[in-house]
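Everything below belongs to model_1.pdb, which stores PDB, C-alpha atoms.
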```pdb
ATOM      1  CA  GLN A 134     -10.242   7.776  15.480
ATOM      2  CA  ALA A 135      -9.344   5.864  12.324
ATOM      3  CA  GLN A 136      -6.091   3.934  12.452
ATOM      4  CA  LEU A 137      -3.979   1.966  10.011
ATOM      5  CA  THR A 138      -1.229  -0.227  11.398
ATOM      6  CA  GLU A 139       1.483  -1.514   9.094
ATOM      7  CA  PHE A 140       3.615  -4.609   9.554
ATOM      8  CA  GLY A 141       6.506  -5.972   7.587
ATOM      9  CA  GLY A 142       9.227  -4.121   5.796
ATOM     10  CA  GLY A 143      12.944  -4.484   6.390
ATOM     11  CA  SER A 144      16.037  -5.051   4.296
ATOM     12  CA  VAL A 145      16.405  -7.500   1.457
ATOM     13  CA  GLN A 146      18.805  -8.170  -1.372
ATOM     14  CA  ALA A 147      17.766  -7.230  -4.876
ATOM     15  CA  GLY A 148      15.697  -9.990  -6.443
ATOM     16  CA  GLY A 149      14.231 -10.978  -3.120
ATOM     17  CA  SER A 150      10.755 -10.632  -1.668
ATOM     18  CA  LEU A 151       9.009  -8.902   1.199
ATOM     19  CA  ARG A 152       5.419  -8.853   2.405
ATOM     20  CA  LEU A 153       3.721  -5.886   3.989
ATOM     21  CA  SER A 154       0.424  -5.946   5.802
ATOM     22  CA  CYS A 155      -1.909  -3.221   6.983
ATOM     23  CA  ALA A 156      -4.754  -3.583   9.426
ATOM     24  CA  ALA A 157      -7.563  -1.025   9.622
ATOM     25  CA  SER A 158      -9.335  -0.278  12.889
ATOM     26  CA  GLY A 159     -11.477   2.367  14.479
ATOM     27  CA  ASP A 160     -13.549   4.547  12.189
ATOM     28  CA  THR A 161     -12.137   2.849   9.104
ATOM     29  CA  VAL A 162     -13.677  -0.500   9.947
ATOM     30  CA  SER A 163     -15.237  -0.449   6.481
ATOM     31  CA  PRO A 164     -12.909   1.440   4.167
ATOM     32  CA  HIS A 165     -13.916   1.388   0.540
ATOM     33  CA  CYS A 166     -10.375   1.613  -0.746
ATOM     34  CA  MET A 167      -7.064   0.492   0.730
ATOM     35  CA  GLY A 168      -3.627   0.596  -0.710
ATOM     36  CA  TRP A 169       0.016   1.516  -0.519
ATOM     37  CA  PHE A 170       2.078   4.522  -1.413
ATOM     38  CA  ARG A 171       5.812   4.911  -1.112
ATOM     39  CA  GLN A 172       8.077   7.865  -0.617
ATOM     40  CA  VAL A 173      11.768   8.443  -0.950
ATOM     41  CA  SER A 174      13.237  11.139   1.239
ATOM     42  CA  GLY A 175      12.502  14.516  -0.250
ATOM     43  CA  GLY A 176      10.185  13.162  -2.909
ATOM     44  CA  GLU A 177       6.468  12.929  -3.426
ATOM     45  CA  ARG A 178       4.372   9.958  -2.411
ATOM     46  CA  GLU A 179       4.023   7.533  -5.301
ATOM     47  CA  GLY A 180       1.034   5.246  -5.632
ATOM     48  CA  VAL A 181       2.076   1.586  -5.548
ATOM     49  CA  ALA A 182      -1.097  -0.483  -5.425
ATOM     50  CA  ARG A 183      -4.683  -0.264  -4.318
ATOM     51  CA  ILE A 184      -7.659  -2.581  -3.932
ATOM     52  CA  SER A 185     -11.359  -1.891  -3.803
ATOM     53  CA  THR A 186     -12.528  -3.690  -0.700
ATOM     54  CA  ARG A 187     -16.018  -4.008  -2.214
ATOM     55  CA  SER A 188     -15.203  -5.401  -5.670
ATOM     56  CA  GLY A 189     -11.669  -6.718  -5.172
ATOM     57  CA  ILE A 190     -10.483  -4.818  -8.234
ATOM     58  CA  THR A 191      -6.808  -3.922  -8.026
ATOM     59  CA  ARG A 192      -4.656  -1.227  -9.615
ATOM     60  CA  TYR A 193      -0.884  -0.917  -9.707
ATOM     61  CA  GLY A 194       1.656   1.749 -10.384
ATOM     62  CA  ASP A 195       3.558   1.293 -13.618
ATOM     63  CA  SER A 196       6.880   0.656 -11.889
ATOM     64  CA  VAL A 197       5.605  -2.301  -9.851
ATOM     65  CA  ARG A 198       3.048  -3.949 -12.127
ATOM     66  CA  GLY A 199       3.891  -7.609 -12.583
ATOM     67  CA  ARG A 200       6.111  -7.744  -9.511
ATOM     68  CA  PHE A 201       3.843  -6.647  -6.658
ATOM     69  CA  THR A 202       0.495  -8.116  -5.658
ATOM     70  CA  ILE A 203      -2.071  -6.549  -3.364
ATOM     71  CA  SER A 204      -4.690  -8.676  -1.676
ATOM     72  CA  GLN A 205      -7.140  -8.417   1.168
ATOM     73  CA  ASP A 206      -8.631 -10.329   4.013
ATOM     74  CA  ASP A 207     -11.952  -8.596   4.428
ATOM     75  CA  THR A 208     -12.786 -10.571   7.557
ATOM     76  CA  ASN A 209     -10.260  -8.573   9.532
ATOM     77  CA  HIS A 210      -9.946  -5.454   7.343
ATOM     78  CA  THR A 211      -6.363  -6.211   6.394
ATOM     79  CA  VAL A 212      -4.564  -5.736   3.120
ATOM     80  CA  TYR A 213      -1.304  -7.304   2.067
ATOM     81  CA  LEU A 214       1.354  -6.236  -0.389
ATOM     82  CA  GLN A 215       3.501  -9.072  -1.692
ATOM     83  CA  MET A 216       6.613  -7.597  -3.244
ATOM     84  CA  ASP A 217       8.673  -9.883  -5.471
ATOM     85  CA  MET A 218      11.693  -9.318  -7.703
ATOM     86  CA  LEU A 219      12.586  -6.292  -5.623
ATOM     87  CA  LYS A 220      14.934  -3.685  -7.026
ATOM     88  CA  PRO A 221      17.046  -1.072  -5.232
ATOM     89  CA  GLU A 222      14.746   1.617  -6.629
ATOM     90  CA  ASP A 223      11.872   0.042  -4.672
ATOM     91  CA  SER A 224      13.498   1.262  -1.475
ATOM     92  CA  GLY A 225      11.596   3.844   0.512
ATOM     93  CA  MET A 226       9.028   4.408   3.196
ATOM     94  CA  TYR A 227       5.841   2.524   2.423
ATOM     95  CA  TYR A 228       2.600   3.998   3.715
ATOM     96  CA  CYS A 229      -0.724   2.252   4.003
ATOM     97  CA  ALA A 230      -3.682   4.363   2.962
ATOM     98  CA  ALA A 231      -7.439   4.015   3.211
ATOM     99  CA  ASP A 232     -10.537   5.857   2.111
ATOM    100  CA  ARG A 233     -14.169   5.397   3.070
ATOM    101  CA  ARG A 234     -15.519   7.674   0.355
ATOM    102  CA  GLY A 235     -14.707   5.685  -2.738
ATOM    103  CA  CYS A 236     -12.062   3.917  -4.793
ATOM    104  CA  PRO A 237     -11.755   5.684  -8.136
ATOM    105  CA  VAL A 238      -9.410   4.548 -10.872
ATOM    106  CA  GLY A 239      -7.148   7.494 -10.231
ATOM    107  CA  TRP A 240      -6.847   7.018  -6.477
ATOM    108  CA  LEU A 241      -3.168   6.032  -6.748
ATOM    109  CA  TYR A 242      -2.408   9.355  -8.432
ATOM    110  CA  ALA A 243      -4.078  11.520  -5.804
ATOM    111  CA  ALA A 244      -1.995  11.101  -2.655
ATOM    112  CA  THR A 245      -3.012  14.521  -1.391
ATOM    113  CA  SER A 246      -6.651  13.402  -1.342
ATOM    114  CA  VAL A 247      -6.197  10.217   0.675
ATOM    115  CA  GLU A 248      -8.355  10.187   3.792
ATOM    116  CA  VAL A 249      -6.286   8.144   6.245
ATOM    117  CA  TRP A 250      -2.592   7.282   6.421
ATOM    118  CA  GLY A 251      -0.562   4.803   8.383
ATOM    119  CA  ARG A 252       2.756   5.766   9.947
ATOM    120  CA  GLY A 253       4.830   3.965   7.351
ATOM    121  CA  THR A 254       7.273   1.090   7.272
ATOM    122  CA  LEU A 255      10.747   1.207   5.773
ATOM    123  CA  VAL A 256      11.796  -1.030   2.894
ATOM    124  CA  THR A 257      15.442  -1.193   1.900
ATOM    125  CA  VAL A 258      16.608  -3.168  -1.128
ATOM    126  CA  PHE A 259      20.367  -3.490  -1.506
ATOM    127  CA  SER A 260      22.267  -4.668  -4.535
TER
END
```
As structure tokens - that is how I would like this structure written.
Amino acid sequence: QAQLTEFGGGSVQAGGSLRLSCAASGDTVSPHCMGWFRQVSGGEREGVARISTRSGITRYGDSVRGRFTISQDDTNHTVYLQMDMLKPEDSGMYYCAADRRGCPVGWLYAATSVEVWGRGTLVTVFS
């Protein structure tokens, strides 16, 4: 069974930084695409960032571009999300996601099509 395990999250003052990590194991040993989505209670999951594990090409949601950085360690199938200059509106549950089938440009805008999800980790940014 494929599994994604998230680490990190927590509470931070606006302007601060947090780092999330996500390790893939099981059937997703070789995911083609890994990334992060976030969700505020009652809302839809919003694509934050994704990376193609094959090419290293990254994509970001408009609201985080320039402040967040996604990276990978392909030796242990782990991706990281460095979040800088955090704002209160960045608060929410952050979910790691992975897909073995591909990593299209629009992957961040197709949450309902994601193959595997982590359980989520909570990020709270206070002003």
Handout entry: Which residue of A:Asp223, A:Tyr242, A:Cys236, A:Gln136 approaches Arg187 (chain A) most closely, using only C-alpha atoms
Key = A:Cys236
Exercise for the section: Would you kindly return, as a PyMOL selection string, each protein, DNA or RNA residue with an atom no farther than 10 Å from any atom of Arg171 (chain A), considering all atoms listed in the file and excluding same-chain residues fewer than 6 positions away? Expected result: chain A and resi 177-182+223-229+253-256
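Going from CA of Gln146 (chain A) to CA of Ile203 (chain A) covers 21.0 Å.
When the PyMOL selection byres ((chain A and resi 186) around 8) is evaluated against the file, it yields A:Pro164, A:His165, A:Cys166, A:Met167, A:Ile184, A:Ser185, A:Arg187, A:Ser188, A:Gly189, A:Ile190, A:Gln205, A:Asp207.
Of the listed residues (A:Leu153, A:Val173, A:Leu219, A:Ala231), A:Leu219 comes nearest to Phe259 (chain A); the distances count all atoms listed in the file.
For the choices A:Ser150, A:Ser204, A:Asn209, A:Ser246, the atom-to-atom distance to Ser163 (chain A) is smallest for A:Asn209 when using only C-alpha atoms.
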Handout entry: Which of A:Gly175, A:Gly148, A:Asp217, A:Val247 sits closest to Gly199 (chain A) [using all atoms listed in the file]
Key = A:Asp217
Exercise for the section: Using CA of Trp169 (chain A) and CA of Val145 (chain A) as the two end points, give the distance in Å to one decimal. Expected result: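 Interatomic distance here is 18.8 Å.
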